[in-house]
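Novice: File start05.txt below, compact mmCIF, C-alpha atoms:
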```txt
# COMPACT_ATOMS: atom_id res chain seq x y z
CA MET V 1 -10.85 7.34 -21.76
CA LYS V 2 -12.82 4.36 -20.47
CA HIS V 3 -15.48 5.08 -17.82
CA PHE V 4 -16.97 2.57 -15.38
CA ASP V 5 -19.72 3.55 -12.95
CA SER V 6 -21.47 1.61 -10.19
CA ASP V 7 -23.96 0.07 -12.62
CA SER V 8 -21.25 -1.12 -15.00
CA PHE V 9 -19.23 -2.56 -12.05
CA SER V 10 -22.21 -4.78 -11.16
CA ASP V 11 -22.49 -5.98 -14.75
CA LEU V 12 -18.83 -7.00 -15.09
CA PRO V 13 -17.79 -10.68 -14.80
CA SER V 14 -16.53 -11.07 -11.23
CA ARG V 15 -12.95 -11.97 -12.23
CA PHE V 16 -12.69 -8.94 -14.51
CA ARG V 17 -14.05 -6.69 -11.75
CA ALA V 18 -11.63 -8.17 -9.19
CA ASN V 19 -8.64 -7.56 -11.49
CA LEU V 20 -9.76 -4.04 -12.36
CA ILE V 21 -10.55 -2.87 -8.82
CA ASN V 22 -7.48 -4.54 -7.31
CA SER V 23 -5.21 -2.73 -9.78
CA CYS V 24 -6.70 0.73 -9.94
CA SER V 25 -5.74 2.16 -6.56
CA GLY V 26 -2.01 2.05 -7.34
CA TYR V 27 1.06 0.01 -6.49
CA ARG V 28 0.99 -2.19 -3.41
CA SER V 29 3.62 -3.58 -1.09
CA SER V 30 4.66 -7.21 -1.56
CA ASN V 31 5.55 -9.16 1.57
CA LEU V 32 5.70 -12.72 2.83
CA LEU V 33 4.08 -13.25 6.22
CA ALA V 34 5.62 -16.09 8.17
CA THR V 35 4.21 -17.74 11.26
CA SER V 36 4.41 -21.02 13.10
CA ASN V 37 1.78 -22.87 15.10
CA LYS V 38 2.18 -24.15 18.66
CA LYS V 39 3.62 -27.43 17.34
CA GLY V 40 6.34 -25.44 15.59
CA GLU V 41 5.02 -26.08 12.07
CA SER V 42 5.70 -23.06 9.87
CA ASN V 43 3.50 -21.26 7.38
CA LEU V 44 4.35 -18.74 4.69
CA ALA V 45 1.90 -16.61 2.71
CA ILE V 46 2.16 -13.65 0.35
CA PHE V 47 0.28 -10.44 1.25
CA ASN V 48 0.08 -7.27 -0.82
CA SER V 49 -1.84 -5.20 1.71
CA VAL V 50 0.79 -4.42 4.35
CA VAL V 51 0.60 -0.71 5.24
CA HIS V 52 2.33 1.68 7.60
CA ILE V 53 0.21 2.50 10.66
CA GLY V 54 2.50 4.54 12.87
CA SER V 55 6.11 5.08 13.83
CA ASN V 56 5.76 5.85 17.56
CA PRO V 57 5.17 3.15 18.61
CA PRO V 58 6.23 1.43 15.37
CA MET V 59 3.20 -0.40 13.95
CA LEU V 60 2.05 -1.85 10.67
CA GLY V 61 -1.21 -3.31 9.47
CA PHE V 62 -2.57 -5.56 6.77
CA ILE V 63 -5.94 -6.60 5.42
CA MET V 64 -7.06 -10.18 6.01
CA ARG V 65 -9.92 -11.54 3.90
CA PRO V 66 -13.02 -12.84 5.73
CA LEU V 67 -12.46 -15.90 7.90
CA THR V 68 -14.84 -18.07 5.89
CA VAL V 69 -12.12 -20.57 4.93
CA ARG V 70 -9.05 -21.94 6.78
CA ARG V 71 -6.49 -19.13 7.26
CA ASP V 72 -3.31 -20.60 8.72
CA THR V 73 -1.56 -17.24 9.04
CA TYR V 74 -4.43 -15.91 11.14
CA SER V 75 -4.82 -18.93 13.41
CA ASN V 76 -1.06 -19.07 13.96
CA PHE V 77 -0.54 -15.46 15.04
CA LYS V 78 -3.72 -15.56 17.11
CA SER V 79 -2.45 -18.59 19.03
CA THR V 80 1.22 -17.58 19.35
CA GLY V 81 1.02 -13.76 19.18
CA TYR V 82 3.86 -13.54 16.61
CA PHE V 83 4.37 -13.07 12.89
CA THR V 84 7.10 -11.78 10.61
CA VAL V 85 6.91 -9.58 7.50
CA ASN V 86 9.56 -10.26 4.85
CA GLN V 87 9.99 -8.17 1.71
CA VAL V 88 9.62 -9.84 -1.66
CA SER V 89 12.35 -9.07 -4.20
CA LYS V 90 13.05 -9.52 -7.89
CA ASP V 91 14.91 -12.74 -7.07
CA ASN V 92 12.12 -14.52 -5.20
CA PHE V 93 8.77 -13.15 -6.40
CA LYS V 94 7.91 -16.37 -8.28
CA LYS V 95 8.46 -18.46 -5.16
CA ALA V 96 6.56 -15.89 -3.11
CA HIS V 97 3.60 -16.04 -5.52
CA GLN V 98 3.47 -19.84 -5.22
CA THR V 99 2.70 -19.56 -1.47
CA ALA V 100 -0.81 -18.42 -2.47
CA ALA V 101 -1.72 -21.96 -3.55
CA LYS V 102 -4.05 -23.87 -1.21
CA TYR V 103 -1.85 -26.52 0.37
CA ASP V 104 -3.14 -29.00 2.95
CA GLU V 105 -2.74 -28.11 6.61
CA GLY V 106 0.63 -29.23 7.94
CA ILE V 107 2.42 -28.60 4.62
CA SER V 108 4.85 -25.69 4.97
CA GLU V 109 5.19 -23.28 2.06
CA PHE V 110 8.84 -22.94 3.11
CA THR V 111 9.40 -26.58 2.12
CA ILE V 112 7.36 -26.26 -1.06
CA THR V 113 9.09 -23.13 -2.36
CA GLY V 114 12.59 -23.80 -1.07
CA LEU V 115 12.66 -20.47 0.77
CA SER V 116 14.58 -20.84 4.06
CA GLU V 117 13.23 -20.47 7.60
CA GLN V 118 15.46 -18.36 9.79
CA TYR V 119 14.97 -17.92 13.54
CA LEU V 120 16.61 -14.79 14.95
CA ASP V 121 17.16 -13.52 18.50
CA GLY V 122 14.75 -16.02 20.06
CA PHE V 123 11.73 -14.61 18.17
CA LYS V 124 8.88 -17.14 18.06
CA ALA V 125 8.09 -16.81 14.35
CA PRO V 126 10.47 -17.64 11.51
CA TYR V 127 11.86 -15.06 9.08
CA VAL V 128 12.56 -15.64 5.39
CA LYS V 129 16.32 -15.86 5.08
CA GLU V 130 16.29 -14.71 1.44
CA SER V 131 14.46 -11.44 2.23
CA ALA V 132 16.77 -8.44 2.61
CA ILE V 133 14.33 -6.60 4.88
CA LYS V 134 12.65 -8.53 7.69
CA ILE V 135 10.29 -7.31 10.40
CA GLY V 136 9.30 -9.20 13.56
CA CYS V 137 5.85 -8.25 14.89
CA THR V 138 3.60 -9.04 17.80
CA TYR V 139 -0.15 -9.17 17.19
CA VAL V 140 -1.87 -6.17 18.77
CA ASN V 141 -5.46 -5.88 17.59
CA GLU V 142 -7.90 -6.38 14.75
CA TYR V 143 -10.73 -4.27 13.36
CA GLU V 144 -13.55 -5.82 11.38
CA ILE V 145 -14.50 -3.85 8.29
CA LYS V 146 -18.24 -4.37 8.55
CA GLU V 147 -18.86 -3.48 4.91
CA ASN V 148 -17.34 -6.75 3.65
CA GLY V 149 -16.13 -8.77 6.63
CA CYS V 150 -12.41 -8.15 6.02
CA LEU V 151 -10.14 -7.55 9.01
CA LEU V 152 -7.50 -4.89 9.49
CA ILE V 153 -4.82 -6.59 11.59
CA ILE V 154 -2.47 -4.37 13.62
CA GLY V 155 1.02 -5.54 14.56
CA LYS V 156 3.66 -3.87 16.70
CA ILE V 157 7.14 -3.88 15.16
CA GLN V 158 9.53 -5.49 17.66
CA HIS V 159 12.51 -6.18 15.40
CA LEU V 160 13.76 -4.83 12.09
CA TYR V 161 16.67 -6.32 10.14
CA LEU V 162 18.08 -4.79 6.98
CA PRO V 163 21.39 -4.24 5.19
CA GLU V 164 23.09 -1.16 6.60
CA GLU V 165 23.91 0.24 3.15
CA LEU V 166 20.19 0.73 2.40
CA ILE V 167 19.73 3.21 5.26
CA HIS V 168 20.31 6.90 4.53
CA LYS V 169 21.70 9.22 7.19
CA ASP V 170 18.22 10.34 8.26
CA GLY V 171 16.71 6.84 8.44
CA TRP V 172 15.10 6.67 4.98
CA VAL V 173 15.49 3.25 3.38
CA GLN V 174 16.30 3.00 -0.30
CA LEU V 175 14.23 -0.03 -1.25
CA ASP V 176 15.41 -0.28 -4.84
CA LYS V 177 18.91 -1.16 -3.62
CA ALA V 178 17.35 -4.39 -2.29
CA ALA V 179 15.42 -5.00 -5.54
CA THR V 180 12.18 -4.97 -3.54
CA VAL V 181 9.16 -5.41 -5.79
CA ALA V 182 5.80 -3.63 -5.80
CA SER V 183 2.67 -5.46 -6.85
CA ILE V 184 -0.22 -4.60 -9.13
CA GLY V 185 -3.56 -6.20 -8.42
CA LEU V 186 -3.59 -9.86 -7.50
CA ASP V 187 -0.77 -11.23 -9.61
CA GLY V 188 1.42 -8.52 -11.15
CA TYR V 189 4.96 -7.72 -10.01
CA ALA V 190 6.96 -4.62 -10.86
CA LEU V 191 10.46 -3.44 -10.08
CA PRO V 192 10.67 0.22 -9.05
CA LYS V 193 13.65 2.50 -9.43
CA VAL V 194 13.96 5.63 -7.30
CA LEU V 195 13.22 8.88 -9.15
CA ASP V 196 13.83 11.35 -6.34
CA ARG V 197 13.31 12.22 -2.74
CA LEU V 198 11.89 15.64 -1.96
CA SER V 199 12.39 17.96 1.00
CA TYR V 200 9.57 18.75 3.42
CA ALA V 201 6.98 20.82 1.55
CA LYS V 202 6.42 24.37 2.79
CA PRO V 203 4.19 27.15 1.41
CA ASP V 204 5.98 29.60 -0.93
CA GLN V 205 9.13 27.51 -1.10
CA GLU V 206 10.29 25.10 -3.78
CA THR V 207 11.21 21.63 -2.64
CA ASN V 208 14.66 20.34 -3.44
CA SER V 209 16.11 16.87 -3.86
CA LEU V 210 17.32 15.08 -0.74
CA LEU V 211 19.38 12.67 -2.81
CA ASP V 212 22.94 13.35 -3.71
CA GLY V 213 23.26 10.94 -6.60
CA VAL V 214 21.26 7.72 -6.13
CA MET Y 1 22.92 -6.66 8.69
CA LYS Y 2 21.64 -3.85 10.90
CA HIS Y 3 19.26 -4.86 13.72
CA PHE Y 4 16.83 -2.56 15.54
CA ASP Y 5 14.68 -3.81 18.42
CA SER Y 6 11.98 -2.13 20.48
CA ASP Y 7 14.52 -0.59 22.86
CA SER Y 8 16.60 0.88 20.05
CA PHE Y 9 13.43 2.25 18.35
CA SER Y 10 12.67 4.27 21.49
CA ASP Y 11 16.22 5.65 21.57
CA LEU Y 12 16.20 6.88 17.94
CA PRO Y 13 15.65 10.57 17.13
CA SER Y 14 11.96 10.83 16.17
CA ARG Y 15 12.62 11.97 12.57
CA PHE Y 16 15.03 9.07 11.97
CA ARG Y 17 12.50 6.62 13.41
CA ALA Y 18 9.69 8.08 11.28
CA ASN Y 19 11.75 7.74 8.09
CA LEU Y 20 12.89 4.21 8.96
CA ILE Y 21 9.50 2.82 9.96
CA ASN Y 22 7.66 4.56 7.12
CA SER Y 23 10.02 3.00 4.55
CA CYS Y 24 10.48 -0.52 5.84
CA SER Y 25 7.12 -2.09 5.07
CA GLY Y 26 7.58 -1.74 1.31
CA TYR Y 27 6.37 0.40 -1.56
CA ARG Y 28 3.20 2.42 -1.14
CA SER Y 29 0.62 3.82 -3.49
CA SER Y 30 0.81 7.51 -4.37
CA ASN Y 31 -2.47 9.33 -4.90
CA LEU Y 32 -3.92 12.81 -4.75
CA LEU Y 33 -7.19 13.07 -2.85
CA ALA Y 34 -9.40 15.88 -4.05
CA THR Y 35 -12.45 17.29 -2.32
CA SER Y 36 -14.47 20.47 -2.20
CA ASN Y 37 -16.34 22.06 0.66
CA LYS Y 38 -19.97 23.17 0.61
CA LYS Y 39 -18.94 26.58 -0.74
CA GLY Y 40 -17.32 24.81 -3.71
CA GLU Y 41 -13.73 25.59 -2.62
CA SER Y 42 -11.46 22.74 -3.64
CA ASN Y 43 -8.70 20.98 -1.74
CA LEU Y 44 -5.97 18.64 -2.94
CA ALA Y 45 -3.68 16.50 -0.76
CA ILE Y 46 -1.21 13.69 -1.37
CA PHE Y 47 -1.80 10.35 0.38
CA ASN Y 48 0.44 7.30 0.25
CA SER Y 49 -1.80 4.98 2.26
CA VAL Y 50 -4.62 4.20 -0.20
CA VAL Y 51 -5.30 0.45 -0.13
CA HIS Y 52 -7.65 -1.97 -1.80
CA ILE Y 53 -10.50 -3.06 0.50
CA GLY Y 54 -12.79 -5.12 -1.70
CA SER Y 55 -14.00 -5.51 -5.25
CA ASN Y 56 -17.64 -6.50 -4.65
CA PRO Y 57 -18.78 -3.90 -3.84
CA PRO Y 58 -15.74 -1.95 -5.06
CA MET Y 59 -14.16 -0.22 -2.06
CA LEU Y 60 -10.87 1.36 -1.09
CA GLY Y 61 -9.49 2.70 2.15
CA PHE Y 62 -6.80 5.05 3.40
CA ILE Y 63 -5.24 5.99 6.71
CA MET Y 64 -5.91 9.45 8.08
CA ARG Y 65 -3.66 10.79 10.82
CA PRO Y 66 -5.29 11.83 14.13
CA LEU Y 67 -7.65 14.80 13.92
CA THR Y 68 -5.57 16.96 16.25
CA VAL Y 69 -4.96 19.62 13.59
CA ARG Y 70 -7.11 21.03 10.76
CA ARG Y 71 -7.67 18.35 8.10
CA ASP Y 72 -9.44 19.89 5.11
CA THR Y 73 -9.74 16.62 3.22
CA TYR Y 74 -11.52 15.02 6.17
CA SER Y 75 -13.90 17.89 6.90
CA ASN Y 76 -14.75 18.19 3.21
CA PHE Y 77 -15.70 14.56 2.58
CA LYS Y 78 -17.50 14.39 5.91
CA SER Y 79 -19.66 17.36 4.97
CA THR Y 80 -20.24 16.53 1.28
CA GLY Y 81 -19.86 12.73 1.26
CA TYR Y 82 -17.54 12.78 -1.79
CA PHE Y 83 -13.84 12.54 -2.60
CA THR Y 84 -11.73 11.52 -5.57
CA VAL Y 85 -8.51 9.50 -5.76
CA ASN Y 86 -6.13 10.45 -8.58
CA GLN Y 87 -2.93 8.56 -9.35
CA VAL Y 88 0.37 10.39 -9.18
CA SER Y 89 2.71 9.89 -12.12
CA LYS Y 90 6.30 10.57 -13.10
CA ASP Y 91 5.17 13.84 -14.69
CA ASN Y 92 3.45 15.35 -11.67
CA PHE Y 93 4.99 13.90 -8.50
CA LYS Y 94 6.76 17.17 -7.63
CA LYS Y 95 3.51 19.12 -7.83
CA ALA Y 96 1.76 16.34 -5.91
CA HIS Y 97 4.39 16.50 -3.14
CA GLN Y 98 3.91 20.26 -2.79
CA THR Y 99 0.26 19.74 -1.74
CA ALA Y 100 1.59 18.47 1.61
CA ALA Y 101 2.57 22.01 2.64
CA LYS Y 102 0.31 23.64 5.23
CA TYR Y 103 -1.57 26.33 3.32
CA ASP Y 104 -4.15 28.57 4.93
CA GLU Y 105 -7.77 27.51 4.78
CA GLY Y 106 -9.43 28.73 1.59
CA ILE Y 107 -6.24 28.38 -0.48
CA SER Y 108 -6.64 25.59 -3.03
CA GLU Y 109 -3.65 23.36 -3.74
CA PHE Y 110 -4.98 23.15 -7.30
CA THR Y 111 -4.22 26.86 -7.72
CA ILE Y 112 -0.87 26.61 -5.96
CA THR Y 113 0.44 23.66 -7.97
CA GLY Y 114 -1.17 24.42 -11.31
CA LEU Y 115 -2.86 21.01 -11.42
CA SER Y 116 -6.29 21.29 -13.03
CA GLU Y 117 -9.67 20.69 -11.45
CA GLN Y 118 -11.93 18.56 -13.59
CA TYR Y 119 -15.60 17.89 -12.85
CA LEU Y 120 -16.99 14.77 -14.54
CA ASP Y 121 -20.50 13.35 -14.89
CA GLY Y 122 -21.98 15.63 -12.22
CA PHE Y 123 -19.79 14.18 -9.45
CA LYS Y 124 -19.57 16.56 -6.48
CA ALA Y 125 -15.79 16.40 -6.00
CA PRO Y 126 -13.20 17.49 -8.55
CA TYR Y 127 -10.76 15.13 -10.26
CA VAL Y 128 -7.18 15.93 -11.22
CA LYS Y 129 -7.20 16.36 -14.97
CA GLU Y 130 -3.50 15.43 -15.28
CA SER Y 131 -3.98 12.02 -13.58
CA ALA Y 132 -4.39 9.14 -16.02
CA ILE Y 133 -6.36 7.04 -13.51
CA LYS Y 134 -9.12 8.73 -11.51
CA ILE Y 135 -11.56 7.25 -9.02
CA GLY Y 136 -14.72 8.90 -7.68
CA CYS Y 137 -15.71 7.71 -4.19
CA THR Y 138 -18.46 8.22 -1.67
CA TYR Y 139 -17.55 8.20 2.00
CA VAL Y 140 -18.83 5.03 3.69
CA ASN Y 141 -17.36 4.62 7.15
CA GLU Y 142 -14.35 5.16 9.39
CA TYR Y 143 -12.63 2.99 11.97
CA GLU Y 144 -10.52 4.50 14.70
CA ILE Y 145 -7.27 2.65 15.29
CA LYS Y 146 -7.25 2.98 19.07
CA GLU Y 147 -3.53 2.25 19.35
CA ASN Y 148 -2.55 5.66 17.92
CA GLY Y 149 -5.73 7.56 17.05
CA CYS Y 150 -5.40 7.17 13.25
CA LEU Y 151 -8.52 6.52 11.21
CA LEU Y 152 -9.09 3.97 8.49
CA ILE Y 153 -11.47 5.69 6.06
CA ILE Y 154 -13.57 3.49 3.78
CA GLY Y 155 -14.85 4.77 0.45
CA LYS Y 156 -17.10 3.13 -2.10
CA ILE Y 157 -15.87 3.40 -5.69
CA GLN Y 158 -18.62 4.99 -7.78
CA HIS Y 159 -16.65 5.96 -10.89
CA LEU Y 160 -13.41 4.85 -12.47
CA TYR Y 161 -11.78 6.60 -15.44
CA LEU Y 162 -8.68 5.32 -17.18
CA PRO Y 163 -7.13 5.03 -20.64
CA GLU Y 164 -8.52 1.97 -22.39
CA GLU Y 165 -5.07 0.82 -23.55
CA LEU Y 166 -4.00 0.18 -19.94
CA ILE Y 167 -6.68 -2.49 -19.39
CA HIS Y 168 -5.82 -6.10 -20.24
CA LYS Y 169 -8.47 -8.49 -21.53
CA ASP Y 170 -9.20 -9.84 -18.04
CA GLY Y 171 -9.43 -6.43 -16.36
CA TRP Y 172 -5.87 -6.16 -15.00
CA VAL Y 173 -4.48 -2.63 -15.33
CA GLN Y 174 -0.88 -2.14 -16.42
CA LEU Y 175 0.08 0.84 -14.25
CA ASP Y 176 3.55 1.33 -15.71
CA LYS Y 177 2.00 2.31 -19.05
CA ALA Y 178 0.64 5.38 -17.21
CA ALA Y 179 4.01 6.07 -15.52
CA THR Y 180 2.27 5.77 -12.13
CA VAL Y 181 4.74 6.18 -9.27
CA ALA Y 182 5.11 4.23 -6.05
CA SER Y 183 6.32 5.95 -2.90
CA ILE Y 184 8.87 5.08 -0.23
CA GLY Y 185 8.35 6.45 3.22
CA LEU Y 186 7.25 10.07 3.52
CA ASP Y 187 9.07 11.68 0.62
CA GLY Y 188 10.55 9.16 -1.83
CA TYR Y 189 9.16 8.49 -5.30
CA ALA Y 190 10.01 5.54 -7.53
CA LEU Y 191 9.00 4.50 -11.03
CA PRO Y 192 8.15 0.80 -11.36
CA LYS Y 193 8.40 -1.30 -14.47
CA VAL Y 194 6.41 -4.51 -14.79
CA LEU Y 195 8.48 -7.70 -14.38
CA ASP Y 196 5.77 -10.27 -14.90
CA ARG Y 197 2.26 -11.37 -14.13
CA LEU Y 198 1.77 -14.89 -12.85
CA SER Y 199 -1.10 -17.33 -13.25
CA TYR Y 200 -3.25 -18.41 -10.28
CA ALA Y 201 -1.05 -20.50 -7.96
CA LYS Y 202 -2.06 -24.15 -7.51
CA PRO Y 203 -0.36 -26.95 -5.55
CA ASP Y 204 1.94 -29.16 -7.65
CA GLN Y 205 1.72 -26.92 -10.68
CA GLU Y 206 4.18 -24.33 -11.91
CA THR Y 207 2.79 -20.88 -12.55
CA ASN Y 208 3.24 -19.36 -15.98
CA SER Y 209 3.35 -15.82 -17.26
CA LEU Y 210 0.08 -14.12 -18.12
CA LEU Y 211 1.85 -11.51 -20.23
CA ASP Y 212 2.48 -11.97 -23.87
CA GLY Y 213 5.17 -9.38 -24.34
CA VAL Y 214 4.72 -6.31 -22.09
```
Translate the structure of the given file into structure tokens.
Specialist:
Amino acid sequence: MKHFDSDSFSDLPSRFRANLINSCSGYRSSNLLATSNKKGESNLAIFNSVVHIGSNPPMLGFIMRPLTVRRDTYSNFKSTGYFTVNQVSKDNFKKAHQTAAKYDEGISEFTITGLSEQYLDGFKAPYVKESAIKIGCTYVNEYEIKENGCLLIIGKIQHLYLPEELIHKDGWVQLDKAATVASIGLDGYALPKVLDRLSYAKPDQETNSLLDGV
Amino acid sequence: MKHFDSDSFSDLPSRFRANLINSCSGYRSSNLLATSNKKGESNLAIFNSVVHIGSNPPMLGFIMRPLTVRRDTYSNFKSTGYFTVNQVSKDNFKKAHQTAAKYDEGISEFTITGLSEQYLDGFKAPYVKESAIKIGCTYVNEYEIKENGCLLIIGKIQHLYLPEELIHKDGWVQLDKAATVASIGLDGYALPKVLDRLSYAKPDQETNSLLDGV
């Protein structure tokens, strides 16, 4: 068993520490955030920090690194009020990863990667056509995490598109049927397969499986 | 393709909406948070919202639902300043799920589930012995998400324990070697397998694999 403590964290080379700390809290979501600016120029960027915030009203959040460099995603949704969240899958994770490169302003990562812009139901941000699960959000609020200058961005879910066969009778979505990936740290991609789904836990009662043959 | 918009979200039965919205933003981490109160009574609870916040200093965060009911985890780390984050694996996800049941105060979910308390290096919160990856944190801050009353809790990582063979040369941790699970929604568990790890993305350059045979 390897043990790191706060002193040994400080002594680690910064890249090693970043890889270690980014990986150790578990699997992360993997999504492409798409926006456009007021001129209609699109932007696409991979984020592995999208989290559930609430279901009534439906909201999600994600962590944005400090605004010390140009952040097109941020300036776009701040000026238009819109962004989309598009799940990364086994088939497009390499293209999705490439959106993290620092392209000049005005160059769209859609063009670079060959992923397709899709405008749906008049929504003012593009979706990624190749993503099976797509979410259209309006910007709601942001909270600065004073400890390191990161921002927690809150979006309200206005639209959700997904293949009907992924949705179970009670609303649960079986992500592995869409080959959605999970990420590890900054650059790792993994493909999950459902093990089970368990009934609501109650004291003095064993849970049972909610899946009848995945 | 199924389409939900804000009107149809409001019309959905609340359980269906909770399942749908909780699943659609992608895979989530799966961790057991362990605390003890000032009398030394332990508590164990599953959380699927632990996220990376920063690596210098090393910090993580998680979402806590509104404090409208008794929340032992919260009152414990607020009074002691300590909590631990312990990864859930294929071998213990059923026990981990059971910790979500509402037990009376003073009943430890360690006792109920048979998971073992482990105190390491004088840290004032117990770890889960069965978890391969364990993180000891001090409570740092909390941010109220005004839109629904949830809290983003920030912890500073003071200790990290993990099997040495999981750590790659540059600090990246291969979670599938520990059979760490990812979760879907409120009650789904999936086992990921690493697909690849990609080099730092640069314009006009193809990324290559950082794995030499997983």
Novice: Residues of chain Y no more than 6 Å from chain V, counting only C-alpha atoms: send them over as a PDB file with C-alpha atoms, in the frame of the given file.
Specialist:
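Output (part.pdb):
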```pdb
ATOM      1  CA  MET Y   1      22.920  -6.660   8.690  1.00  0.00           C
ATOM      2  CA  LYS Y   2      21.640  -3.850  10.900  1.00  0.00           C
ATOM      3  CA  HIS Y   3      19.260  -4.860  13.720  1.00  0.00           C
ATOM      4  CA  PHE Y   4      16.830  -2.560  15.540  1.00  0.00           C
ATOM      5  CA  ASP Y   5      14.680  -3.810  18.420  1.00  0.00           C
ATOM      6  CA  SER Y   6      11.980  -2.130  20.480  1.00  0.00           C
ATOM      7  CA  PHE Y  16      15.030   9.070  11.970  1.00  0.00           C
ATOM      8  CA  ALA Y  18       9.690   8.080  11.280  1.00  0.00           C
ATOM      9  CA  ASN Y  19      11.750   7.740   8.090  1.00  0.00           C
ATOM     10  CA  LEU Y  20      12.890   4.210   8.960  1.00  0.00           C
ATOM     11  CA  ILE Y  21       9.500   2.820   9.960  1.00  0.00           C
ATOM     12  CA  SER Y  23      10.020   3.000   4.550  1.00  0.00           C
ATOM     13  CA  GLY Y  26       7.580  -1.740   1.310  1.00  0.00           C
ATOM     14  CA  TYR Y  27       6.370   0.400  -1.560  1.00  0.00           C
ATOM     15  CA  ARG Y  28       3.200   2.420  -1.140  1.00  0.00           C
ATOM     16  CA  SER Y  29       0.620   3.820  -3.490  1.00  0.00           C
ATOM     17  CA  SER Y  55     -14.000  -5.510  -5.250  1.00  0.00           C
ATOM     18  CA  GLN Y  98       3.910  20.260  -2.790  1.00  0.00           C
ATOM     19  CA  ALA Y 100       1.590  18.470   1.610  1.00  0.00           C
ATOM     20  CA  ALA Y 101       2.570  22.010   2.640  1.00  0.00           C
ATOM     21  CA  GLN Y 158     -18.620   4.990  -7.780  1.00  0.00           C
ATOM     22  CA  HIS Y 159     -16.650   5.960 -10.890  1.00  0.00           C
ATOM     23  CA  LEU Y 160     -13.410   4.850 -12.470  1.00  0.00           C
ATOM     24  CA  TYR Y 161     -11.780   6.600 -15.440  1.00  0.00           C
ATOM     25  CA  LEU Y 162      -8.680   5.320 -17.180  1.00  0.00           C
ATOM     26  CA  PRO Y 163      -7.130   5.030 -20.640  1.00  0.00           C
ATOM     27  CA  GLU Y 164      -8.520   1.970 -22.390  1.00  0.00           C
ATOM     28  CA  ASP Y 170      -9.200  -9.840 -18.040  1.00  0.00           C
ATOM     29  CA  GLY Y 171      -9.430  -6.430 -16.360  1.00  0.00           C
ATOM     30  CA  TRP Y 172      -5.870  -6.160 -15.000  1.00  0.00           C
ATOM     31  CA  VAL Y 173      -4.480  -2.630 -15.330  1.00  0.00           C
ATOM     32  CA  ALA Y 182       5.110   4.230  -6.050  1.00  0.00           C
ATOM     33  CA  ASP Y 187       9.070  11.680   0.620  1.00  0.00           C
ATOM     34  CA  GLY Y 188      10.550   9.160  -1.830  1.00  0.00           C
ATOM     35  CA  TYR Y 189       9.160   8.490  -5.300  1.00  0.00           C
ATOM     36  CA  ALA Y 190      10.010   5.540  -7.530  1.00  0.00           C
ATOM     37  CA  LEU Y 191       9.000   4.500 -11.030  1.00  0.00           C
ATOM     38  CA  PRO Y 192       8.150   0.800 -11.360  1.00  0.00           C
ATOM     39  CA  LYS Y 193       8.400  -1.300 -14.470  1.00  0.00           C
ATOM     40  CA  VAL Y 194       6.410  -4.510 -14.790  1.00  0.00           C
ATOM     41  CA  LEU Y 195       8.480  -7.700 -14.380  1.00  0.00           C
ATOM     42  CA  ASP Y 196       5.770 -10.270 -14.900  1.00  0.00           C
ATOM     43  CA  ARG Y 197       2.260 -11.370 -14.130  1.00  0.00           C
ATOM     44  CA  LEU Y 198       1.770 -14.890 -12.850  1.00  0.00           C
ATOM     45  CA  ALA Y 201      -1.050 -20.500  -7.960  1.00  0.00           C
ATOM     46  CA  LYS Y 202      -2.060 -24.150  -7.510  1.00  0.00           C
ATOM     47  CA  PRO Y 203      -0.360 -26.950  -5.550  1.00  0.00           C
TER      48      PRO Y 203
END
```
Novice: Just give me the gap between CA of Leu67 (chain Y) and CA of Tyr139 (chain V) in Å, one decimal is fine.
Specialist: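 That distance, rounded to one decimal, is 25.3 Å.
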Novice: Measure the distance from CA of Ala178 (chain Y) to CA of Asp91 (chain V) in Å and round it to one decimal.
Specialist: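 Distance reported for this atom pair: 25.2 Å.
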Novice: Work out how far CA of Phe77 (chain V) is from CA of Thr138 (chain V), in Å to one decimal.
Specialist: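 Distance between the two atoms: 8.1 Å.
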Novice: Tell me which protein, DNA and RNA residues are within 10 Å of Phe110 (chain V), counting all atoms listed in the file, leaving out same-chain ones fewer than 3 positions away, and put them as a tab-separated table (two decimals) with C-alpha atoms, keeping the file's coordinate frame.
Specialist:
```
chain	number	residue	atom	x	y	z
V	34	ALA	CA	5.62	-16.09	8.17
V	42	SER	CA	5.70	-23.06	9.87
V	43	ASN	CA	3.50	-21.26	7.38
V	44	LEU	CA	4.35	-18.74	4.69
V	45	ALA	CA	1.90	-16.61	2.71
V	95	LYS	CA	8.46	-18.46	-5.16
V	96	ALA	CA	6.56	-15.89	-3.11
V	99	THR	CA	2.70	-19.56	-1.47
V	107	ILE	CA	2.42	-28.60	4.62
V	113	THR	CA	9.09	-23.13	-2.36
V	114	GLY	CA	12.59	-23.80	-1.07
V	115	LEU	CA	12.66	-20.47	0.77
V	116	SER	CA	14.58	-20.84	4.06
V	117	GLU	CA	13.23	-20.47	7.60
V	128	VAL	CA	12.56	-15.64	5.39
```
